[in-house]
Structures are given as C-alpha cells and as structure tokens.
$ cat work-v4.cif   # mmCIF, C-alpha atoms; chains and numbers go by the auth columns
data_run
loop_
_atom_site.group_PDB
_atom_site.id
_atom_site.type_symbol
_atom_site.label_atom_id
_atom_site.label_comp_id
_atom_site.label_asym_id
_atom_site.label_seq_id
_atom_site.Cartn_x
_atom_site.Cartn_y
_atom_site.Cartn_z
_atom_site.B_iso_or_equiv
_atom_site.auth_seq_id
_atom_site.auth_asym_id
ATOM 1 C CA MET A 1 17.788 134.725 146.974 0.00 1 A
ATOM 2 C CA ALA A 2 21.280 135.615 145.712 0.00 2 A
ATOM 3 C CA THR A 3 23.822 133.387 144.025 0.00 3 A
ATOM 4 C CA THR A 4 27.519 134.204 144.162 0.00 4 A
ATOM 5 C CA ILE A 5 30.073 133.110 141.571 0.00 5 A
ATOM 6 C CA SER A 6 33.644 133.497 142.808 0.00 6 A
ATOM 7 C CA GLY A 7 37.046 132.522 141.477 0.00 7 A
ATOM 8 C CA THR A 8 35.840 131.844 137.939 0.00 8 A
ATOM 9 C CA ALA A 9 38.840 132.988 135.900 0.00 9 A
ATOM 10 C CA GLY A 10 38.227 133.015 132.177 0.00 10 A
ATOM 11 C CA VAL A 11 34.427 132.915 132.319 0.00 11 A
ATOM 12 C CA THR A 12 32.903 135.600 130.084 0.00 12 A
ATOM 13 C CA PHE A 13 29.364 136.773 130.692 0.00 13 A
ATOM 14 C CA PRO A 14 27.332 138.327 127.863 0.00 14 A
ATOM 15 C CA ALA A 15 27.245 142.125 127.545 0.00 15 A
ATOM 16 C CA GLY A 16 24.993 143.516 130.251 0.00 16 A
ATOM 17 C CA GLY A 17 24.169 140.007 131.479 0.00 17 A
ATOM 18 C CA LEU A 18 24.186 138.577 134.975 0.00 18 A
ATOM 19 C CA GLY A 19 24.876 141.880 136.718 0.00 19 A
ATOM 20 C CA ASN A 20 28.490 142.415 135.617 0.00 20 A
ATOM 21 C CA PRO A 21 29.868 145.257 133.473 0.00 21 A
ATOM 22 C CA ALA A 22 29.206 144.818 129.754 0.00 22 A
ATOM 23 C CA GLY A 23 31.404 142.070 128.334 0.00 23 A
ATOM 24 C CA ALA A 24 33.613 141.865 131.421 0.00 24 A
ATOM 25 C CA VAL A 25 35.679 138.780 132.138 0.00 25 A
ATOM 26 C CA VAL A 26 35.326 137.680 135.725 0.00 26 A
ATOM 27 C CA GLY A 27 38.796 137.399 137.270 0.00 27 A
ATOM 28 C CA THR A 28 40.107 135.161 140.009 0.00 28 A
ATOM 29 C CA THR A 29 39.333 137.675 142.746 0.00 29 A
ATOM 30 C CA ASP A 30 36.036 139.003 141.395 0.00 30 A
ATOM 31 C CA THR A 31 32.729 138.111 142.996 0.00 31 A
ATOM 32 C CA GLN A 32 29.487 138.655 141.139 0.00 32 A
ATOM 33 C CA THR A 33 26.212 138.547 143.058 0.00 33 A
ATOM 34 C CA LEU A 34 23.340 137.347 140.911 0.00 34 A
ATOM 35 C CA THR A 35 19.712 137.699 141.894 0.00 35 A
ATOM 36 C CA ASN A 36 17.155 135.338 140.347 0.00 36 A
ATOM 37 C CA LYS A 37 19.397 134.391 137.424 0.00 37 A
ATOM 38 C CA THR A 38 20.012 131.058 135.738 0.00 38 A
ATOM 39 C CA LEU A 39 23.423 129.912 134.570 0.00 39 A
ATOM 40 C CA THR A 40 22.823 127.947 131.374 0.00 40 A
ATOM 41 C CA SER A 41 25.531 125.772 129.897 0.00 41 A
ATOM 42 C CA SER A 42 25.560 123.576 126.811 0.00 42 A
ATOM 43 C CA GLY A 43 28.472 121.678 128.328 0.00 43 A
ATOM 44 C CA THR A 44 30.010 120.958 131.703 0.00 44 A
ATOM 45 C CA VAL A 45 30.094 123.469 134.545 0.00 45 A
ATOM 46 C CA SER A 46 33.125 122.618 136.676 0.00 46 A
ATOM 47 C CA VAL A 47 35.103 123.719 139.700 0.00 47 A
ATOM 48 C CA SER A 48 38.655 123.241 138.462 0.00 48 A
ATOM 49 C CA VAL A 49 40.817 124.378 141.372 0.00 49 A
ATOM 50 C CA ALA A 50 41.567 121.657 143.924 0.00 50 A
ATOM 51 C CA SER A 51 41.117 124.031 146.857 0.00 51 A
ATOM 52 C CA SER A 52 37.726 125.307 145.595 0.00 52 A
ATOM 53 C CA THR A 53 34.356 124.106 146.812 0.00 53 A
ATOM 54 C CA LEU A 54 30.819 124.146 145.516 0.00 54 A
ATOM 55 C CA GLY A 55 27.811 124.420 147.785 0.00 55 A
ATOM 56 C CA TYR A 56 25.494 126.606 149.804 0.00 56 A
ATOM 57 C CA ALA A 57 26.638 129.836 151.445 0.00 57 A
ATOM 58 C CA THR A 58 26.019 130.968 155.022 0.00 58 A
ATOM 59 C CA GLY A 59 22.358 131.827 155.437 0.00 59 A
ATOM 60 C CA ALA A 60 21.002 129.087 153.159 0.00 60 A
ATOM 61 C CA GLY A 61 20.634 126.577 155.988 0.00 61 A
ATOM 62 C CA GLY A 62 18.699 126.049 159.157 0.00 62 A
ATOM 63 C CA ALA A 63 18.339 123.712 162.115 0.00 63 A
ATOM 64 C CA VAL A 64 15.477 121.891 163.802 0.00 64 A
ATOM 65 C CA THR A 65 15.097 119.400 166.677 0.00 65 A
ATOM 66 C CA GLN A 66 12.608 116.532 166.994 0.00 66 A
ATOM 67 C CA LEU A 67 10.405 117.137 170.014 0.00 67 A
ATOM 68 C CA THR A 68 8.720 113.951 171.252 0.00 68 A
ATOM 69 C CA SER A 69 10.159 110.836 169.572 0.00 69 A
ATOM 70 C CA ARG A 70 12.434 109.683 166.768 0.00 70 A
ATOM 71 C CA THR A 71 9.454 109.193 164.463 0.00 71 A
ATOM 72 C CA THR A 72 8.101 112.712 165.074 0.00 72 A
ATOM 73 C CA GLY A 73 8.143 114.765 161.885 0.00 73 A
ATOM 74 C CA VAL A 74 10.022 118.054 161.620 0.00 74 A
ATOM 75 C CA THR A 75 9.541 121.179 159.494 0.00 75 A
ATOM 76 C CA LEU A 76 12.483 123.051 158.029 0.00 76 A
ATOM 77 C CA SER A 77 12.083 124.912 154.722 0.00 77 A
ATOM 78 C CA THR A 78 15.712 125.589 153.841 0.00 78 A
ATOM 79 C CA ALA A 79 17.912 124.237 151.046 0.00 79 A
ATOM 80 C CA THR A 80 20.313 122.692 153.545 0.00 80 A
ATOM 81 C CA GLY A 81 20.338 122.161 157.270 0.00 81 A
ATOM 82 C CA ALA A 82 20.717 120.023 160.366 0.00 82 A
ATOM 83 C CA ILE A 83 18.132 117.875 162.114 0.00 83 A
ATOM 84 C CA THR A 84 18.810 116.931 165.736 0.00 84 A
ATOM 85 C CA MET A 85 16.984 113.707 166.451 0.00 85 A
ATOM 86 C CA PHE A 86 15.146 113.093 169.705 0.00 86 A
ATOM 87 C CA SER A 87 17.408 111.693 172.440 0.00 87 A
ATOM 88 C CA ALA A 88 16.783 107.942 172.689 0.00 88 A
ATOM 89 C CA ALA A 89 18.554 104.599 172.598 0.00 89 A
ATOM 90 C CA GLY A 90 19.816 103.570 169.183 0.00 90 A
ATOM 91 C CA SER A 91 18.032 100.656 167.528 0.00 91 A
ATOM 92 C CA ALA A 92 18.909 98.214 164.752 0.00 92 A
ATOM 93 C CA THR A 93 15.224 98.274 163.727 0.00 93 A
ATOM 94 C CA ALA A 94 14.504 100.725 160.913 0.00 94 A
ATOM 95 C CA ALA A 95 12.234 103.678 161.698 0.00 95 A
ATOM 96 C CA THR A 96 11.131 106.666 159.625 0.00 96 A
ATOM 97 C CA PHE A 97 10.241 110.311 160.116 0.00 97 A
ATOM 98 C CA ILE A 98 8.994 112.933 157.672 0.00 98 A
ATOM 99 C CA VAL A 99 10.671 116.249 156.924 0.00 99 A
ATOM 100 C CA THR A 100 8.308 118.951 155.693 0.00 100 A
ATOM 101 C CA ASN A 101 10.190 121.367 153.453 0.00 101 A
ATOM 102 C CA THR A 102 8.362 123.713 151.072 0.00 102 A
ATOM 103 C CA LEU A 103 11.458 124.028 148.846 0.00 103 A
ATOM 104 C CA VAL A 104 11.407 120.332 147.896 0.00 104 A
ATOM 105 C CA ALA A 105 9.909 119.133 144.602 0.00 105 A
ATOM 106 C CA ALA A 106 9.141 115.497 143.821 0.00 106 A
ATOM 107 C CA THR A 107 12.029 115.453 141.310 0.00 107 A
ATOM 108 C CA ASP A 108 14.662 116.691 143.779 0.00 108 A
ATOM 109 C CA ASN A 109 17.534 114.681 145.238 0.00 109 A
ATOM 110 C CA ILE A 110 18.132 114.818 148.977 0.00 110 A
ATOM 111 C CA ILE A 111 21.554 114.053 150.452 0.00 111 A
ATOM 112 C CA VAL A 112 21.713 113.033 154.126 0.00 112 A
ATOM 113 C CA ASN A 113 24.623 112.132 156.375 0.00 113 A
ATOM 114 C CA GLN A 114 25.351 111.787 160.066 0.00 114 A
ATOM 115 C CA LYS A 115 27.075 114.817 161.560 0.00 115 A
ATOM 116 C CA SER A 116 27.331 113.590 165.147 0.00 116 A
ATOM 117 C CA GLY A 117 26.083 111.007 167.622 0.00 117 A
ATOM 118 C CA THR A 118 27.432 108.218 169.787 0.00 118 A
ATOM 119 C CA ASN A 119 26.033 105.395 167.635 0.00 119 A
ATOM 120 C CA LEU A 120 26.670 104.828 163.930 0.00 120 A
ATOM 121 C CA TYR A 121 23.528 105.203 161.790 0.00 121 A
ATOM 122 C CA VAL A 122 22.457 104.165 158.326 0.00 122 A
ATOM 123 C CA LEU A 123 20.416 107.040 156.882 0.00 123 A
ATOM 124 C CA LEU A 124 18.232 106.659 153.811 0.00 124 A
ATOM 125 C CA VAL A 125 15.883 109.018 152.005 0.00 125 A
ATOM 126 C CA THR A 126 12.953 106.695 151.363 0.00 126 A
ATOM 127 C CA ALA A 127 10.461 109.058 149.711 0.00 127 A
ATOM 128 C CA VAL A 128 10.519 112.493 148.093 0.00 128 A
ATOM 129 C CA THR A 129 7.296 114.312 147.260 0.00 129 A
ATOM 130 C CA ALA A 130 6.364 117.940 146.658 0.00 130 A
ATOM 131 C CA GLY A 131 7.024 119.566 150.037 0.00 131 A
ATOM 132 C CA THR A 132 8.312 116.537 151.965 0.00 132 A
ATOM 133 C CA PHE A 133 10.900 113.800 152.199 0.00 133 A
ATOM 134 C CA ASN A 134 11.232 110.799 154.516 0.00 134 A
ATOM 135 C CA ILE A 135 14.368 109.788 156.387 0.00 135 A
ATOM 136 C CA THR A 136 14.640 106.148 157.419 0.00 136 A
ATOM 137 C CA PHE A 137 17.352 105.295 159.936 0.00 137 A
ATOM 138 C CA TYR A 138 18.814 102.511 162.086 0.00 138 A
ATOM 139 C CA THR A 139 22.054 101.835 163.935 0.00 139 A
ATOM 140 C CA THR A 140 24.837 99.604 162.703 0.00 140 A
ATOM 141 C CA GLY A 141 26.982 99.959 165.786 0.00 141 A
ATOM 142 C CA GLY A 142 25.764 100.761 169.261 0.00 142 A
ATOM 143 C CA THR A 143 22.540 101.132 171.178 0.00 143 A
ATOM 144 C CA ALA A 144 23.576 103.938 173.522 0.00 144 A
ATOM 145 C CA THR A 145 21.185 106.796 174.196 0.00 145 A
ATOM 146 C CA ASP A 146 22.126 109.713 171.962 0.00 146 A
ATOM 147 C CA ALA A 147 20.678 112.629 169.994 0.00 147 A
ATOM 148 C CA PRO A 148 22.358 112.306 166.592 0.00 148 A
ATOM 149 C CA VAL A 149 22.463 115.233 164.188 0.00 149 A
ATOM 150 C CA ILE A 150 21.669 114.631 160.522 0.00 150 A
ATOM 151 C CA ASN A 151 22.876 117.034 157.838 0.00 151 A
ATOM 152 C CA PHE A 152 20.793 117.335 154.665 0.00 152 A
ATOM 153 C CA SER A 153 21.034 119.189 151.358 0.00 153 A
ATOM 154 C CA VAL A 154 18.511 119.554 148.562 0.00 154 A
ATOM 155 C CA ILE A 155 19.778 119.253 145.009 0.00 155 A
ATOM 156 C CA LYS A 156 17.189 120.452 142.513 0.00 156 A
ATOM 157 C CA GLY A 157 16.234 117.932 139.851 0.00 157 A
ATOM 158 C CA VAL A 158 13.892 117.702 136.883 0.00 158 A
ATOM 159 C CA ALA A 159 12.237 114.821 135.033 0.00 159 A
ATOM 160 C CA ALA A 160 12.792 116.194 131.541 0.00 160 A
#
$ encode --input "work-v4.cif" --output "structure tokens"
Amino acid sequence: MATTISGTAGVTFPAGGLGNPAGAVVGTTDTQTLTNKTLTSSGTVSVSVASSTLGYATGAGGAVTQLTSRTTGVTLSTATGAITMFSAAGSATAATFIVTNTLVAATDNIIVNQKSGTNLYVLLVTAVTAGTFNITFYTTGGTATDAPVINFSVIKGVAA
C-alpha cells in the first residue's frame, strides 16, 4: 500500500527518511510516494490550503451490492467504498446488516452516509468488531422502492 503526500510546502523530512532525497524540503508541486511508512507528529498534522483535501486515493475503494434482502450481509475489504442496498420499499422500522471487512479493527471509526436513493435514510454504525461492522438504517422520508447506495470510510483508531 502506498501513501502520497502532496502540496506540503515547508515540511522537512529527515535525511534519507520517507523516500525523499536527504534533507530535502518538499515543495508545493512535489509528490512523495511512501510505502509502509508512518508519519509521526508530536503536534497537529493539518491541511492548510482551503482548496486542499484529505482522504483516500483512487484504488483504495471498492463496491458491493446486497443480493437477497436489506438485512443480507456484504463483504468488502477496502478502506472505503460503496454498498448498494437491495432494491425494496423504504421502511421507518430500523433494520441492520453486517459488513465483513478484514481491514477493520474493533477500535476503528466507520463513517457512513447516503450517496443516492429515492428515500431519505438515517444510517448508523451500531457495532464495530475485528473484521466487521453493522449498519442500521431506516427512512425518515418516503417509502418508495429504491436501491440506495451507502458510502463508507474506515478511520483507524486505537485505545491507547
């Protein structure tokens, strides 16, 4: 897995460290590709340009579709992705399905949001364990038949 740091003017990496030339300062147009490296900071790591973003790059995600019902579990072992729910009528009654994802640890944080669909859904992550998380959902507006798409991202966490 590779990590790319771009647009980090003024950041100095240690001599010979992180794959850049010894003692080089990474400029605004430089891109450094890091493989299996950890960026350690004793302070805040920030994106300070309003037009900059922070997140996963192309290739980090995936997509999966539920096959038989809205409570059917899915498997997608990527750090981010999209889950297309089974096509059915929306319901105001909460239901849950499990996402099996080998990248997930019990200490991780999972972000979910609705990408598309006719109805409006409340989406909650109701359990996170090593290798799985649960998504609980229900509609707040509409009971039309639809196949909503849920985006998710895994943010690594630790307990200590």
$ closest_residue --input "work-v4.cif" --among "A:Ser48, A:Thr118, A:Ser77, A:Thr35" --to "Ala89 in chain A" --atoms "all atoms listed in the file"
A:Thr118
$ atom_distance --input "work-v4.cif" --atom1 "CA of Ala57 in chain A" --atom2 "CA of Val154 in chain A"
13.4 Å
$ closest_atom_pairs --input "work-v4.cif" --of "range 36-113 of chain A" --to "range 129-145 of chain A" --cutoff "10 Å" --atoms "only C-alpha atoms" --output "CSV"
residue,atom,partner,partner_atom,distance
A:Arg70,CA,A:Phe137,CA,9.5
A:Thr71,CA,A:Thr136,CA,9.3
A:Gly73,CA,A:Asn134,CA,8.9
A:Val74,CA,A:Thr132,CA,9.9
A:Thr75,CA,A:Thr132,CA,8.9
A:Leu76,CA,A:Thr132,CA,9.8
A:Ser77,CA,A:Gly131,CA,8.7
A:Phe86,CA,A:Thr145,CA,9.8
A:Ser87,CA,A:Thr145,CA,6.4
A:Ala88,CA,A:Thr145,CA,4.8
A:Ala89,CA,A:Thr145,CA,3.8
A:Gly90,CA,A:Thr143,CA,4.2
A:Ser91,CA,A:Thr139,CA,5.5
A:Ala92,CA,A:Thr139,CA,4.9
A:Thr93,CA,A:Tyr138,CA,5.8
A:Ala94,CA,A:Tyr138,CA,4.8
A:Ala95,CA,A:Thr136,CA,5.5
A:Thr96,CA,A:Thr136,CA,4.2
A:Phe97,CA,A:Ile135,CA,5.6
A:Ile98,CA,A:Asn134,CA,4.4
A:Val99,CA,A:Phe133,CA,5.3
A:Thr100,CA,A:Thr132,CA,4.4
A:Asn101,CA,A:Gly131,CA,5.0
A:Thr102,CA,A:Gly131,CA,4.5
A:Leu103,CA,A:Gly131,CA,6.4
A:Val104,CA,A:Gly131,CA,4.9
A:Ala105,CA,A:Ala130,CA,4.3
A:Ala106,CA,A:Thr129,CA,4.1
A:Thr107,CA,A:Thr129,CA,7.7
A:Asp108,CA,A:Thr129,CA,8.5
A:Asn109,CA,A:Phe133,CA,9.7
A:Ile110,CA,A:Phe133,CA,8.0
A:Val112,CA,A:Ile135,CA,8.3
$ residues_near_point --input "work-v4.cif" --point "(26.2, 112.3, 156.9)" --cutoff "8 Å" --atoms "all atoms listed in the file" --output "list of chain:residue names"
A:Val112, A:Asn113, A:Gln114, A:Lys115, A:Leu123, A:Ile150, A:Asn151, A:Phe152
$ atom_distance --input "work-v4.cif" --atom1 "CA of Ser52 in chain A" --atom2 "CA of Ser116 in chain A"
25.1 Å
$ residues_around --input "work-v4.cif" --residues "Ala60 in chain A" --least-positions-apart "3" --cutoff "10 Å" --atoms "all atoms listed in the file" --output "compact mmCIF listing (two decimals) with C-alpha atoms, keeping the file's coordinate frame"
# COMPACT_ATOMS: atom_id res chain seq x y z
CA MET A 1 17.79 134.72 146.97
CA ALA A 2 21.28 135.62 145.71
CA GLY A 55 27.81 124.42 147.78
CA TYR A 56 25.49 126.61 149.80
CA ALA A 57 26.64 129.84 151.44
CA SER A 77 12.08 124.91 154.72
CA THR A 78 15.71 125.59 153.84
CA ALA A 79 17.91 124.24 151.05
CA THR A 80 20.31 122.69 153.54
CA GLY A 81 20.34 122.16 157.27
$ atom_distance --input "work-v4.cif" --atom1 "CA of Val122 in chain A" --atom2 "CA of Met85 in chain A"
13.7 Å
$ build_atoms --input "work-v4.cif" --residues "range 52-65 of chain A" --atoms "N, CA and C atoms" --output "PDB file, in the coordinates of the input"
ATOM      1  N   SER A  52      39.042 124.681 145.708  1.00  0.00           N
ATOM      2  CA  SER A  52      37.726 125.307 145.595  1.00  0.00           C
ATOM      3  C   SER A  52      36.636 124.344 146.046  1.00  0.00           C
ATOM      4  N   THR A  53      35.506 124.915 146.431  1.00  0.00           N
ATOM      5  CA  THR A  53      34.356 124.106 146.812  1.00  0.00           C
ATOM      6  C   THR A  53      33.116 124.614 146.105  1.00  0.00           C
ATOM      7  N   LEU A  54      32.089 123.799 146.113  1.00  0.00           N
ATOM      8  CA  LEU A  54      30.819 124.146 145.516  1.00  0.00           C
ATOM      9  C   LEU A  54      29.745 123.803 146.528  1.00  0.00           C
ATOM     10  N   GLY A  55      28.854 124.730 146.823  1.00  0.00           N
ATOM     11  CA  GLY A  55      27.811 124.420 147.785  1.00  0.00           C
ATOM     12  C   GLY A  55      27.044 125.652 148.202  1.00  0.00           C
ATOM     13  N   TYR A  56      26.319 125.524 149.289  1.00  0.00           N
ATOM     14  CA  TYR A  56      25.494 126.606 149.804  1.00  0.00           C
ATOM     15  C   TYR A  56      26.327 127.558 150.658  1.00  0.00           C
ATOM     16  N   ALA A  57      25.955 128.823 150.644  1.00  0.00           N
ATOM     17  CA  ALA A  57      26.638 129.836 151.445  1.00  0.00           C
ATOM     18  C   ALA A  57      25.923 130.011 152.789  1.00  0.00           C
ATOM     19  N   THR A  58      26.598 130.658 153.721  1.00  0.00           N
ATOM     20  CA  THR A  58      26.019 130.968 155.022  1.00  0.00           C
ATOM     21  C   THR A  58      24.695 131.677 154.820  1.00  0.00           C
ATOM     22  N   GLY A  59      23.692 131.252 155.545  1.00  0.00           N
ATOM     23  CA  GLY A  59      22.358 131.827 155.437  1.00  0.00           C
ATOM     24  C   GLY A  59      21.384 130.950 154.682  1.00  0.00           C
ATOM     25  N   ALA A  60      21.881 129.965 153.928  1.00  0.00           N
ATOM     26  CA  ALA A  60      21.002 129.087 153.159  1.00  0.00           C
ATOM     27  C   ALA A  60      20.437 127.954 154.004  1.00  0.00           C
ATOM     28  N   GLY A  61      21.015 127.721 155.178  1.00  0.00           N
ATOM     29  CA  GLY A  61      20.634 126.577 155.988  1.00  0.00           C
ATOM     30  C   GLY A  61      19.770 126.923 157.175  1.00  0.00           C
ATOM     31  N   GLY A  62      19.488 125.898 157.945  1.00  0.00           N
ATOM     32  CA  GLY A  62      18.699 126.049 159.157  1.00  0.00           C
ATOM     33  C   GLY A  62      18.887 124.833 160.032  1.00  0.00           C
ATOM     34  N   ALA A  63      18.237 124.837 161.181  1.00  0.00           N
ATOM     35  CA  ALA A  63      18.339 123.712 162.115  1.00  0.00           C
ATOM     36  C   ALA A  63      16.996 123.504 162.799  1.00  0.00           C
ATOM     37  N   VAL A  64      16.717 122.250 163.120  1.00  0.00           N
ATOM     38  CA  VAL A  64      15.477 121.891 163.802  1.00  0.00           C
ATOM     39  C   VAL A  64      15.750 120.680 164.691  1.00  0.00           C
ATOM     40  N   THR A  65      14.961 120.532 165.754  1.00  0.00           N
ATOM     41  CA  THR A  65      15.097 119.400 166.677  1.00  0.00           C
ATOM     42  C   THR A  65      13.770 118.664 166.793  1.00  0.00           C
TER      43      THR A  65
END
